[in-house]
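Here is the file final.txt (compact mmCIF, C-alpha atoms and all ligand atoms).
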# COMPACT_ATOMS: atom_id res chain seq x y z
CA LYS O 1 -98.20 10.25 75.62
CA ILE O 2 -95.70 13.14 75.65
CA THR O 3 -96.81 16.21 73.68
CA LEU O 4 -94.56 19.07 72.62
CA ALA O 5 -96.68 22.18 72.08
CA ILE O 6 -95.80 25.42 70.29
CA GLU O 7 -97.59 28.78 70.34
CA SER O 8 -96.58 31.86 68.30
CA SER O 9 -99.87 33.49 67.21
CA CYS O 10 -99.19 36.99 68.49
CA ASP O 11 -96.43 38.43 70.67
CA GLU O 12 -95.55 35.46 72.88
CA THR O 13 -93.19 32.71 71.74
CA SER O 14 -94.04 29.72 73.89
CA ALA O 15 -93.36 25.98 74.12
CA ALA O 16 -94.57 23.37 76.58
CA VAL O 17 -94.20 19.68 77.26
CA LEU O 18 -97.22 17.76 78.60
CA ARG O 19 -97.66 14.23 79.85
CA GLY O 20 -101.18 13.22 78.93
CA GLY O 21 -103.61 16.09 78.51
CA ARG O 22 -103.36 17.90 81.81
CA GLU O 23 -99.94 17.42 83.35
CA VAL O 24 -97.56 20.22 82.32
CA LEU O 25 -93.96 19.03 82.66
CA SER O 26 -92.54 22.37 81.53
CA LEU O 27 -93.70 25.66 80.07
CA VAL O 28 -91.59 28.51 78.69
CA ILE O 29 -93.12 31.83 77.60
CA SER O 30 -90.93 34.45 75.96
CA THR O 31 -92.97 37.64 75.73
CA GLN O 32 -92.23 40.46 73.30
CA ILE O 33 -94.28 43.02 75.24
CA PRO O 34 -91.28 45.34 75.95
CA VAL O 35 -90.36 45.29 72.23
CA HIS O 36 -93.83 46.41 71.08
CA GLN O 37 -94.49 48.80 73.98
CA LYS O 38 -92.82 51.78 72.33
CA PHE O 39 -95.19 51.43 69.35
CA GLY O 40 -98.30 51.24 71.57
CA GLY O 41 -99.29 47.85 70.13
CA VAL O 42 -98.02 44.73 68.39
CA VAL O 43 -96.10 45.40 65.16
CA PRO O 44 -96.69 42.24 63.07
CA GLU O 45 -93.42 42.28 61.11
CA ILE O 46 -91.35 42.75 64.26
CA ALA O 47 -93.32 39.99 65.98
CA SER O 48 -92.53 37.51 63.17
CA ARG O 49 -88.83 38.31 63.26
CA LYS O 50 -88.65 37.95 67.03
CA HIS O 51 -90.44 34.59 66.85
CA ILE O 52 -87.81 33.37 64.37
CA VAL O 53 -85.02 34.35 66.76
CA ASN O 54 -86.78 32.89 69.83
CA ILE O 55 -88.47 29.72 68.67
CA MET O 56 -85.64 27.17 68.82
CA PRO O 57 -84.12 28.48 72.09
CA VAL O 58 -87.59 28.41 73.68
CA ILE O 59 -88.19 24.82 72.52
CA ASP O 60 -84.72 23.75 73.74
CA GLU O 61 -85.24 25.37 77.13
CA THR O 62 -88.65 23.69 77.51
CA LEU O 63 -87.24 20.23 76.78
CA GLN O 64 -84.36 20.87 79.16
CA LYS O 65 -86.73 21.93 81.96
CA ALA O 66 -88.80 18.79 81.41
CA GLY O 67 -85.61 16.72 81.52
CA LEU O 68 -86.46 15.23 78.14
CA SER O 69 -84.94 15.16 74.70
CA LEU O 70 -86.57 15.35 71.27
CA SER O 71 -86.59 11.57 70.98
CA ASP O 72 -89.04 11.40 73.93
CA ILE O 73 -91.69 13.39 72.07
CA ASP O 74 -94.71 11.38 70.86
CA GLN O 75 -96.60 14.17 69.08
CA VAL O 76 -96.29 17.86 68.22
CA ALA O 77 -99.17 20.33 68.69
CA VAL O 78 -99.08 23.84 67.25
CA THR O 79 -101.36 26.89 66.98
CA TYR O 80 -102.26 27.42 63.29
CA GLY O 81 -104.84 30.21 63.80
CA PRO O 82 -106.33 32.64 64.52
CA GLY O 83 -103.53 35.19 64.80
CA LEU O 84 -100.95 37.15 62.82
CA VAL O 85 -100.04 35.22 59.68
CA GLY O 86 -96.27 35.82 59.85
CA ALA O 87 -96.18 35.01 63.56
CA LEU O 88 -98.23 31.83 63.13
CA LEU O 89 -96.04 30.63 60.24
CA VAL O 90 -92.96 30.55 62.47
CA GLY O 91 -94.56 28.12 64.94
CA VAL O 92 -96.25 26.08 62.22
CA SER O 93 -92.98 25.71 60.25
CA ALA O 94 -91.02 24.68 63.34
CA ALA O 95 -93.70 22.16 64.33
CA LYS O 96 -93.87 20.66 60.85
CA ALA O 97 -90.08 20.33 60.69
CA LEU O 98 -89.98 18.63 64.10
CA ALA O 99 -92.90 16.28 63.37
CA PHE O 100 -91.35 15.30 60.04
CA THR O 101 -87.86 14.71 61.41
CA LEU O 102 -89.05 12.83 64.48
CA GLY O 103 -91.64 10.87 62.49
CA VAL O 104 -94.42 11.75 64.95
CA PRO O 105 -97.97 13.06 64.36
CA LEU O 106 -98.66 16.78 63.92
CA ILE O 107 -101.73 18.38 65.52
CA GLY O 108 -102.88 21.81 64.33
CA VAL O 109 -104.68 23.61 67.15
CA ASN O 110 -107.17 26.49 67.17
CA HIS O 111 -105.79 29.16 69.54
CA LEU O 112 -109.24 30.01 70.97
CA GLU O 113 -110.00 26.39 71.75
CA GLY O 114 -106.61 26.41 73.45
CA HIS O 115 -107.64 29.33 75.67
CA ILE O 116 -110.72 27.34 76.78
CA PHE O 117 -108.66 24.18 77.39
CA ALA O 118 -106.33 26.07 79.78
CA ASN O 119 -109.08 25.36 82.29
CA PHE O 120 -108.58 21.60 82.03
CA ILE O 121 -105.01 22.10 83.23
CA SER O 122 -105.98 24.32 86.17
CA HIS O 123 -108.99 22.16 87.11
CA PRO O 124 -108.10 18.47 86.82
CA ASP O 125 -111.70 17.36 87.51
CA LEU O 126 -113.34 19.70 84.96
CA LYS O 127 -115.29 17.90 82.22
CA PRO O 128 -117.60 19.02 79.40
CA PRO O 129 -120.37 20.03 78.99
CA PHE O 130 -119.99 23.64 80.10
CA MET O 131 -120.43 27.22 78.87
CA ALA O 132 -117.20 29.10 78.11
CA LEU O 133 -116.81 32.87 78.05
CA VAL O 134 -113.71 33.62 75.99
CA VAL O 135 -112.44 37.16 76.55
CA SER O 136 -109.10 37.83 74.89
CA GLY O 137 -107.22 40.48 72.96
CA GLY O 138 -108.94 39.64 69.69
CA HIS O 139 -112.08 37.75 70.70
CA THR O 140 -115.14 37.88 72.92
CA SER O 141 -117.24 34.76 72.49
CA LEU O 142 -119.67 32.51 74.30
CA VAL O 143 -118.96 28.91 73.40
CA HIS O 144 -121.03 25.91 74.42
CA VAL O 145 -118.45 23.18 74.95
CA LYS O 146 -120.60 20.07 74.53
CA ASP O 147 -117.73 17.62 74.54
CA TYR O 148 -113.94 17.64 74.15
CA ASN O 149 -114.30 17.92 70.38
CA SER O 150 -117.75 19.44 70.00
CA PHE O 151 -118.35 23.18 70.28
CA ALA O 152 -121.19 25.52 69.39
CA LEU O 153 -120.68 29.26 69.12
CA MET O 154 -123.54 31.02 70.95
CA GLY O 155 -122.39 34.54 70.01
CA GLN O 156 -119.38 36.77 69.61
CA THR O 157 -118.46 40.42 69.30
CA ARG O 158 -119.62 42.41 66.29
CA ASP O 159 -116.72 44.82 66.55
CA ASP O 160 -114.02 45.26 69.23
CA ALA O 161 -113.06 42.44 71.55
CA ALA O 162 -113.11 43.06 75.30
CA GLY O 163 -109.30 43.03 75.58
CA GLU O 164 -109.00 45.28 72.57
CA ALA O 165 -111.36 47.80 74.26
CA PHE O 166 -109.19 47.69 77.41
CA ASP O 167 -106.07 48.28 75.31
CA LYS O 168 -107.57 51.14 73.28
CA VAL O 169 -109.07 52.94 76.29
CA ALA O 170 -105.73 52.61 78.08
CA ARG O 171 -103.94 54.04 75.05
CA VAL O 172 -106.09 57.22 74.96
CA MET O 173 -105.45 57.61 78.69
CA GLY O 174 -101.72 57.52 78.00
CA LEU O 175 -101.09 54.14 79.63
CA PRO O 176 -98.53 51.71 78.16
CA TYR O 177 -99.36 48.57 76.10
CA PRO O 178 -100.95 46.17 76.97
CA GLY O 179 -103.58 48.31 78.63
CA GLY O 180 -105.67 45.59 80.29
CA PRO O 181 -103.46 45.11 83.38
CA GLN O 182 -102.96 48.91 83.63
CA ILE O 183 -106.71 49.64 83.65
CA ASP O 184 -107.16 46.77 86.13
CA ARG O 185 -104.65 48.36 88.53
CA LEU O 186 -105.97 51.91 88.11
CA ALA O 187 -109.59 50.78 88.52
CA GLN O 188 -108.84 49.47 92.01
CA GLU O 189 -108.46 53.08 93.18
CA GLY O 190 -111.52 54.42 91.34
CA ASP O 191 -115.29 54.55 91.77
CA PRO O 192 -116.98 52.09 89.37
CA HIS O 193 -120.19 54.15 89.44
CA ALA O 194 -118.60 57.57 88.91
CA ILE O 195 -119.42 57.77 85.19
CA ASP O 196 -122.35 56.18 83.38
CA PHE O 197 -121.08 54.56 80.17
CA PRO O 198 -123.44 52.85 77.67
CA LYS O 199 -124.04 49.10 77.39
CA ALA O 200 -124.81 47.63 73.98
CA LEU O 201 -127.11 44.79 72.86
CA GLN O 202 -128.76 44.24 76.21
CA GLU O 203 -131.82 42.27 75.00
CA LYS O 204 -132.24 38.90 76.68
CA GLY O 205 -131.23 36.03 74.45
CA ASN O 206 -128.76 38.15 72.47
CA TYR O 207 -125.33 36.61 72.86
CA GLU O 208 -123.51 39.07 70.62
CA PHE O 209 -121.22 41.70 72.10
CA SER O 210 -120.26 45.20 70.97
CA PHE O 211 -117.61 47.27 72.71
CA SER O 212 -116.77 49.93 70.10
CA GLY O 213 -119.58 52.23 71.30
CA LEU O 214 -118.29 52.00 74.86
CA LYS O 215 -114.78 52.79 73.66
CA SER O 216 -116.07 55.89 71.80
CA ALA O 217 -118.06 56.97 74.86
CA VAL O 218 -114.89 56.91 76.98
CA LEU O 219 -113.08 58.88 74.28
CA ASN O 220 -115.90 61.45 74.07
CA TYR O 221 -115.96 61.79 77.84
CA LEU O 222 -112.20 62.47 77.97
CA ASN O 223 -112.43 64.97 75.07
CA SER O 224 -115.35 66.87 76.55
CA MET O 225 -113.62 67.17 79.92
CA LYS O 226 -110.55 68.49 78.14
CA CYS O 227 -112.62 71.05 76.16
CA LYS O 228 -114.27 72.24 79.36
CA ASN O 229 -110.87 72.42 81.03
CA LEU O 230 -112.10 70.10 83.75
CA PRO O 231 -109.76 67.70 85.55
CA VAL O 232 -110.15 63.98 84.73
CA ASN O 233 -110.04 61.37 87.48
CA LYS O 234 -108.35 58.58 85.52
CA ALA O 235 -109.01 56.00 88.23
CA ASP O 236 -112.75 56.74 88.06
CA VAL O 237 -112.72 56.47 84.25
CA ALA O 238 -110.86 53.14 84.43
CA ALA O 239 -113.17 51.80 87.16
CA SER O 240 -116.36 52.91 85.39
CA PHE O 241 -115.22 51.55 82.02
CA GLN O 242 -114.14 48.23 83.54
CA ASN O 243 -117.39 47.95 85.49
CA THR O 244 -119.43 48.47 82.31
CA VAL O 245 -117.52 45.72 80.47
CA ILE O 246 -117.86 43.35 83.43
CA GLU O 247 -121.61 43.92 83.82
CA VAL O 248 -122.21 43.14 80.14
CA LEU O 249 -120.04 40.01 80.31
CA ILE O 250 -121.76 38.74 83.47
CA ALA O 251 -125.31 39.31 82.15
CA LYS O 252 -124.65 37.53 78.86
CA ALA O 253 -122.60 34.68 80.32
CA MET O 254 -125.23 33.93 82.97
CA ASP O 255 -128.03 34.03 80.36
CA ALA O 256 -126.07 31.68 78.13
CA VAL O 257 -125.26 29.17 80.85
CA ARG O 258 -128.93 29.13 81.89
CA GLU O 259 -130.16 28.62 78.33
CA SER O 260 -127.67 25.83 77.69
CA GLY O 261 -128.75 23.95 80.80
CA CYS O 262 -125.07 23.54 81.77
CA ASP O 263 -124.13 23.61 85.45
CA THR O 264 -120.65 25.05 84.87
CA LEU O 265 -119.33 28.37 83.59
CA VAL O 266 -115.72 28.62 82.46
CA LEU O 267 -113.78 31.82 81.84
CA ALA O 268 -110.89 31.95 79.35
CA GLY O 269 -108.54 34.35 77.53
CA GLY O 270 -106.26 37.18 78.62
CA VAL O 271 -109.00 39.31 80.16
CA ALA O 272 -109.73 36.41 82.54
CA ALA O 273 -106.65 37.69 84.38
CA ASN O 274 -108.67 40.78 85.38
CA SER O 275 -108.92 40.90 89.16
CA SER O 276 -112.56 42.05 89.40
CA LEU O 277 -114.01 40.06 86.49
CA GLU O 278 -113.20 36.70 88.02
CA GLY O 279 -114.51 37.62 91.49
CA ARG O 280 -117.75 39.08 90.20
CA LEU O 281 -118.46 36.24 87.80
CA ARG O 282 -117.90 33.83 90.68
CA GLU O 283 -120.42 35.74 92.82
CA ALA O 284 -122.99 35.69 90.02
CA ALA O 285 -122.45 31.97 89.42
CA ASP O 286 -122.58 31.17 93.15
CA ARG O 287 -125.95 32.93 93.47
CA GLU O 288 -127.43 30.50 90.94
CA GLY O 289 -125.60 27.37 92.05
CA ILE O 290 -123.43 27.32 88.92
CA ARG O 291 -119.86 26.04 89.23
CA PHE O 292 -117.32 28.62 88.10
CA CYS O 293 -113.78 27.96 86.82
CA TYR O 294 -111.01 30.10 85.45
CA PRO O 295 -107.38 29.28 84.64
CA ASP O 296 -104.30 30.09 86.74
CA LYS O 297 -103.11 33.63 85.85
CA LEU O 298 -100.13 32.34 83.88
CA LEU O 299 -102.45 30.24 81.70
CA CYS O 300 -104.97 33.07 81.01
CA THR O 301 -102.76 34.88 78.49
CA ASP O 302 -101.03 33.19 75.56
CA ASN O 303 -99.05 30.06 76.39
CA ALA O 304 -98.22 26.72 74.78
CA ALA O 305 -99.49 24.56 77.67
CA MET O 306 -103.10 25.26 76.70
CA ILE O 307 -102.26 24.36 73.09
CA GLY O 308 -100.76 21.06 74.24
CA CYS O 309 -103.88 20.27 76.26
CA ARG O 310 -106.18 21.00 73.31
CA GLY O 311 -103.88 19.04 70.99
CA TYR O 312 -103.92 16.03 73.30
CA TYR O 313 -107.72 15.78 73.22
CA GLN O 314 -107.75 16.21 69.43
CA ALA O 315 -105.24 13.38 69.07
CA GLN O 316 -107.37 11.19 71.35
CA ALA O 317 -110.14 11.61 68.78
CA GLY O 318 -107.78 11.10 65.82
CA ILE O 319 -107.93 14.74 64.69
CA TYR O 320 -104.42 15.21 63.25
CA SER O 321 -102.96 17.51 60.59
CA ASP O 322 -100.71 16.61 57.67
CA LEU O 323 -97.46 18.31 56.71
CA TYR O 324 -99.35 20.67 54.38
CA LEU O 325 -100.72 22.46 57.47
CA ASN O 326 -100.78 26.21 56.82
CA ALA O 327 -101.38 29.24 59.05
CA VAL O 328 -105.02 30.40 58.99
CA PRO O 329 -105.13 33.98 60.39
CA GLY O 330 -108.95 34.15 60.51
CA LEU O 331 -109.56 30.58 61.71
CA ALA O 332 -113.00 30.18 63.27
CA LEU O 333 -113.94 27.82 66.08
CA THR O 334 -114.31 24.25 64.79
CA ASP O 335 -117.94 23.22 64.81
CA LEU O 336 -117.45 19.49 65.06
P1 LIG O 401 -106.58 36.24 70.87
O1 LIG O 401 -106.41 35.19 71.90
O2 LIG O 401 -107.99 36.71 70.74
O3 LIG O 401 -105.95 35.89 69.58
P2 LIG O 401 -104.46 37.59 72.22
O4 LIG O 401 -103.85 36.24 72.16
O5 LIG O 401 -103.69 38.77 71.82
O6 LIG O 401 -105.81 37.56 71.40
P3 LIG O 401 -104.66 37.12 75.03
O7 LIG O 401 -103.24 36.78 75.18
O8 LIG O 401 -105.64 36.08 75.27
O9 LIG O 401 -105.00 37.85 73.66
O10 LIG O 401 -104.95 38.31 76.01
C1 LIG O 401 -104.33 39.55 75.91
C2 LIG O 401 -105.39 40.57 76.25
O11 LIG O 401 -105.75 40.41 77.64
C3 LIG O 401 -104.91 41.98 76.08
O12 LIG O 401 -105.93 42.72 75.42
C4 LIG O 401 -104.72 42.45 77.51
O13 LIG O 401 -104.91 43.84 77.69
C5 LIG O 401 -105.79 41.67 78.24
N1 LIG O 401 -105.51 41.55 79.67
C6 LIG O 401 -104.45 40.96 80.27
N2 LIG O 401 -104.50 41.11 81.62
C7 LIG O 401 -105.64 41.81 81.87
C8 LIG O 401 -106.27 42.30 83.06
N3 LIG O 401 -105.74 42.10 84.26
N4 LIG O 401 -107.44 42.99 82.92
C9 LIG O 401 -107.99 43.19 81.71
N5 LIG O 401 -107.45 42.76 80.56
C10 LIG O 401 -106.30 42.08 80.63
MG MG O 402 -100.00 38.62 73.96
FE FE O 403 -104.72 34.57 72.92
Let me see the file written as structure tokens.
Amino acid sequence: KITLAIESSCDETSAAVLRGGREVLSLVISTQIPVHQKFGGVVPEIASRKHIVNIMPVIDETLQKAGLSLSDIDQVAVTYGPGLVGALLVGVSAAKALAFTLGVPLIGVNHLEGHIFANFISHPDLKPPFMALVVSGGHTSLVHVKDYNSFALMGQTRDDAAGEAFDKVARVMGLPYPGGPQIDRLAQEGDPHAIDFPKALQEKGNYEFSFSGLKSAVLNYLNSMKCKNLPVNKADVAASFQNTVIEVLIAKAMDAVRESGCDTLVLAGGVAANSSLEGRLREAADREGIRFCYPDKLLCTDNAAMIGCRGYYQAQAGIYSDLYLNAVPGLALTDL
């Protein structure tokens, strides 16, 4: 089966062609980061317009790279949520038009499930069940992946997502969007124990996250230093903030994997690209004999290959969409 996959939920226009569920024949990602940078974050209306300009060229380039034409496509998978409604609609409309014209099935995919499924591409032998820690720009969730089409949400953030906290802290430190990679780089030169920032919801068995208090604590720290006319070591702030996030993520992910009885922990989402998070989660997992997986860097942040992989496994189970498929900005994880 050849799957054409489309992703346009936020600020990346992406298309991919997969053979089966895990073999990526081609992947094209057109990022709008430079466009949104001068605004310090994604501007939804601009994102939608850019997607409209980019979508067909990105699809054409993907097919060309795979050495295939539209007539080779057996099914079309597309992200229909969660994300920005105008951005999602561009991908969904293109996918519906292609599925209709080609007379092939349409598969609406949940973007978060896609992030998790990126791991199946990077780890050909990975199989459910496992515990997934999804840390992205808009989400921080622990998901028990019981089978390819069966998920249970163990807990998620009550307020800011991990990536969002990285981006906001970076912004107040005057670093460009997206802040995650900037903090990551700066943190490598800082002392992770220089400043003691608070950790929320630390009780055992609590799988919810909260990062807004931590974000405020960083802000208060920067303001108080400024008031006292004291110099700020930005690298120490970045390292201490990042260390606090990582310690919370590790504690909760390890608790969750233990409780679930799974022997594998999987990391997913844009923050998975963080250079210390992956190494420290691996250490924690190794100590307890838990297998640890995370996707190739390119597949951590938004891309259509992960959507194609998720779509393939949905199709295997007969979970298709009809041509009335609509964008669902607040789409939750499917509890199947
Ligand atoms: P969602 O998937 O929840 O809808 P999104 O698609 O915007 O949100 P992703 O593409 O998964 O998010 O990830 C982007 C986020 O990852 C941004 O918040 C970015 O700052 C963060 N990020 C990327 N690289 C790193 C890094 N090296 N360290 C920390 N955070 C990072
Ligand atoms: Mg993005
Ligand atoms: Fe994402």
When you count all atoms listed in the file, which of these residues is closest to ligand LIG 401 (chain O): O:Leu298, O:Ala194, O:Val257, O:Val92? O:Leu298
Do a neighbour search on Leu88 in chain O at 8 Å with all atoms listed in the file, toss out local chain neighbours closer than 4 positions, and write the hits as a list in words. Glu7, Ser8, Ser9, Cys10, Thr79, Tyr80, Gly81, Gly83, Leu84, Val92, Ala327 and Pro329 of chain O
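Of the listed residues (O:Thr140, O:Gln64, O:Ser275, O:Asn243), O:Thr140 comes nearest to ligand FE 403 (chain O); the distances count all atoms listed in the file.
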Distance filter 9 Å around ligand MG 402 (chain O), atoms: all atoms listed in the file, out as number ranges by chain: O: 9-12, 31-33, 42, 137, 178, 270, 301-303
Save the residues we just selected, C-alpha atoms, as an mmCIF file, in the coordinates of the input?
data_model
loop_
_atom_site.group_PDB
_atom_site.id
_atom_site.type_symbol
_atom_site.label_atom_id
_atom_site.label_comp_id
_atom_site.auth_asym_id
_atom_site.auth_seq_id
_atom_site.Cartn_x
_atom_site.Cartn_y
_atom_site.Cartn_z
ATOM 1 C CA SER O 9 -99.870 33.490 67.210
ATOM 2 C CA CYS O 10 -99.190 36.990 68.490
ATOM 3 C CA ASP O 11 -96.430 38.430 70.670
ATOM 4 C CA GLU O 12 -95.550 35.460 72.880
ATOM 5 C CA THR O 31 -92.970 37.640 75.730
ATOM 6 C CA GLN O 32 -92.230 40.460 73.300
ATOM 7 C CA ILE O 33 -94.280 43.020 75.240
ATOM 8 C CA VAL O 42 -98.020 44.730 68.390
ATOM 9 C CA GLY O 137 -107.220 40.480 72.960
ATOM 10 C CA PRO O 178 -100.950 46.170 76.970
ATOM 11 C CA GLY O 270 -106.260 37.180 78.620
ATOM 12 C CA THR O 301 -102.760 34.880 78.490
ATOM 13 C CA ASP O 302 -101.030 33.190 75.560
ATOM 14 C CA ASN O 303 -99.050 30.060 76.390
#
Within 9 Å of Gly155 in chain O, counting only C-alpha atoms, which residues qualify if same-chain residues fewer than 2 places away don't, as number ranges by chain? O: 140-143, 153, 157, 206-209
Using only C-alpha atoms, can you tell me which of O:Ser48, O:Asn326, O:Asn274, O:Gln316 comes closest to Thr3 in chain O? O:Gln316
What is the CA of His111 in chain O-CA of Gln37 in chain O distance in Å, reported with one decimal?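 CA of His111 in chain O sits 23.1 Å away from CA of Gln37 in chain O.
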Range 19-21 of chain O environment, 7 Å, all atoms listed in the file, sequence neighbours closer than 4 positions dropped, as JSON, numbers by chain: {"O": [1, 2, 3, 25, 309, 312, 313]}
Residue nearest ligand LIG 401 (chain O) - candidates O:Glu283, O:Asp184, O:Asp60, O:Asp159, atoms counted: only C-alpha atoms and all ligand atoms: O:Asp184
Give me the residues near Ile55 in chain O as a list of chain:residue names, where near means some atom within 10 Å (using only C-alpha atoms) and where sequence neighbours in that chain fewer than 5 positions away do not count. O:Ile6, O:Glu7, O:Ser8, O:Thr13, O:Ser14, O:Ala15, O:Ser30, O:Lys50, O:Asp60, O:Val90, O:Gly91, O:Ala94
Can you tell me, as a PyMOL selection string, which residues sit within 10 Å of (-116.4, 50.8, 84.1) in the file's frame, using all atoms listed in the file? chain O and resi 183+187+190-198+214+218+235-247
For a quick check of understanding, using all atoms listed in the file, which of O:Ala170, O:Ala87, O:Ala47, O:Leu18 has the smallest distance to Leu68 in chain O? O:Leu18
Min atom-atom distance to Phe130 in chain O from the set O:Ala315, O:Val266, O:Ala99, O:Leu333, counting all atoms listed in the file, belongs to O:Val266
My structure is short of atoms at range 320-336 of chain O; please model N, CA and C atoms there, returning them as a PDB file, in the coordinates of the input.
ATOM      1  N   TYR O 320    -105.802  14.797  63.514  1.00  0.00           N
ATOM      2  CA  TYR O 320    -104.420  15.210  63.250  1.00  0.00           C
ATOM      3  C   TYR O 320    -104.365  16.139  62.040  1.00  0.00           C
ATOM      4  N   SER O 321    -103.182  16.699  61.794  1.00  0.00           N
ATOM      5  CA  SER O 321    -102.960  17.510  60.590  1.00  0.00           C
ATOM      6  C   SER O 321    -101.891  16.797  59.762  1.00  0.00           C
ATOM      7  N   ASP O 322    -101.817  17.146  58.460  1.00  0.00           N
ATOM      8  CA  ASP O 322    -100.710  16.610  57.670  1.00  0.00           C
ATOM      9  C   ASP O 322     -99.640  17.698  57.517  1.00  0.00           C
ATOM     10  N   LEU O 323     -98.581  17.369  56.797  1.00  0.00           N
ATOM     11  CA  LEU O 323     -97.460  18.310  56.710  1.00  0.00           C
ATOM     12  C   LEU O 323     -97.724  19.464  55.742  1.00  0.00           C
ATOM     13  N   TYR O 324     -98.955  19.510  55.182  1.00  0.00           N
ATOM     14  CA  TYR O 324     -99.350  20.670  54.380  1.00  0.00           C
ATOM     15  C   TYR O 324    -100.019  21.729  55.241  1.00  0.00           C
ATOM     16  N   LEU O 325    -100.076  21.501  56.556  1.00  0.00           N
ATOM     17  CA  LEU O 325    -100.720  22.460  57.470  1.00  0.00           C
ATOM     18  C   LEU O 325    -100.200  23.870  57.197  1.00  0.00           C
ATOM     19  N   ASN O 326    -101.143  24.814  57.085  1.00  0.00           N
ATOM     20  CA  ASN O 326    -100.780  26.210  56.820  1.00  0.00           C
ATOM     21  C   ASN O 326    -101.336  27.082  57.947  1.00  0.00           C
ATOM     22  N   ALA O 327    -100.816  28.288  58.093  1.00  0.00           N
ATOM     23  CA  ALA O 327    -101.380  29.240  59.050  1.00  0.00           C
ATOM     24  C   ALA O 327    -102.711  29.747  58.509  1.00  0.00           C
ATOM     25  N   VAL O 328    -103.712  29.869  59.385  1.00  0.00           N
ATOM     26  CA  VAL O 328    -105.020  30.400  58.990  1.00  0.00           C
ATOM     27  C   VAL O 328    -105.355  31.568  59.921  1.00  0.00           C
ATOM     28  N   PRO O 329    -104.995  32.811  59.499  1.00  0.00           N
ATOM     29  CA  PRO O 329    -105.130  33.980  60.390  1.00  0.00           C
ATOM     30  C   PRO O 329    -106.548  34.183  60.915  1.00  0.00           C
ATOM     31  N   GLY O 330    -107.567  33.884  60.090  1.00  0.00           N
ATOM     32  CA  GLY O 330    -108.950  34.150  60.510  1.00  0.00           C
ATOM     33  C   GLY O 330    -109.682  32.886  60.945  1.00  0.00           C
ATOM     34  N   LEU O 331    -108.952  31.871  61.349  1.00  0.00           N
ATOM     35  CA  LEU O 331    -109.560  30.580  61.710  1.00  0.00           C
ATOM     36  C   LEU O 331    -110.718  30.746  62.699  1.00  0.00           C
ATOM     37  N   ALA O 332    -111.852  30.130  62.368  1.00  0.00           N
ATOM     38  CA  ALA O 332    -113.000  30.180  63.270  1.00  0.00           C
ATOM     39  C   ALA O 332    -112.991  28.930  64.154  1.00  0.00           C
ATOM     40  N   LEU O 333    -113.816  28.960  65.175  1.00  0.00           N
ATOM     41  CA  LEU O 333    -113.940  27.820  66.080  1.00  0.00           C
ATOM     42  C   LEU O 333    -114.414  26.606  65.282  1.00  0.00           C
ATOM     43  N   THR O 334    -113.852  25.422  65.530  1.00  0.00           N
ATOM     44  CA  THR O 334    -114.310  24.250  64.790  1.00  0.00           C
ATOM     45  C   THR O 334    -115.660  23.802  65.330  1.00  0.00           C
ATOM     46  N   ASP O 335    -116.618  23.719  64.435  1.00  0.00           N
ATOM     47  CA  ASP O 335    -117.940  23.220  64.810  1.00  0.00           C
ATOM     48  C   ASP O 335    -117.967  21.748  64.433  1.00  0.00           C
ATOM     49  N   LEU O 336    -117.588  20.917  65.409  1.00  0.00           N
ATOM     50  CA  LEU O 336    -117.450  19.490  65.060  1.00  0.00           C
ATOM     51  C   LEU O 336    -118.702  18.719  65.466  1.00  0.00           C
TER      52      LEU O 336
END
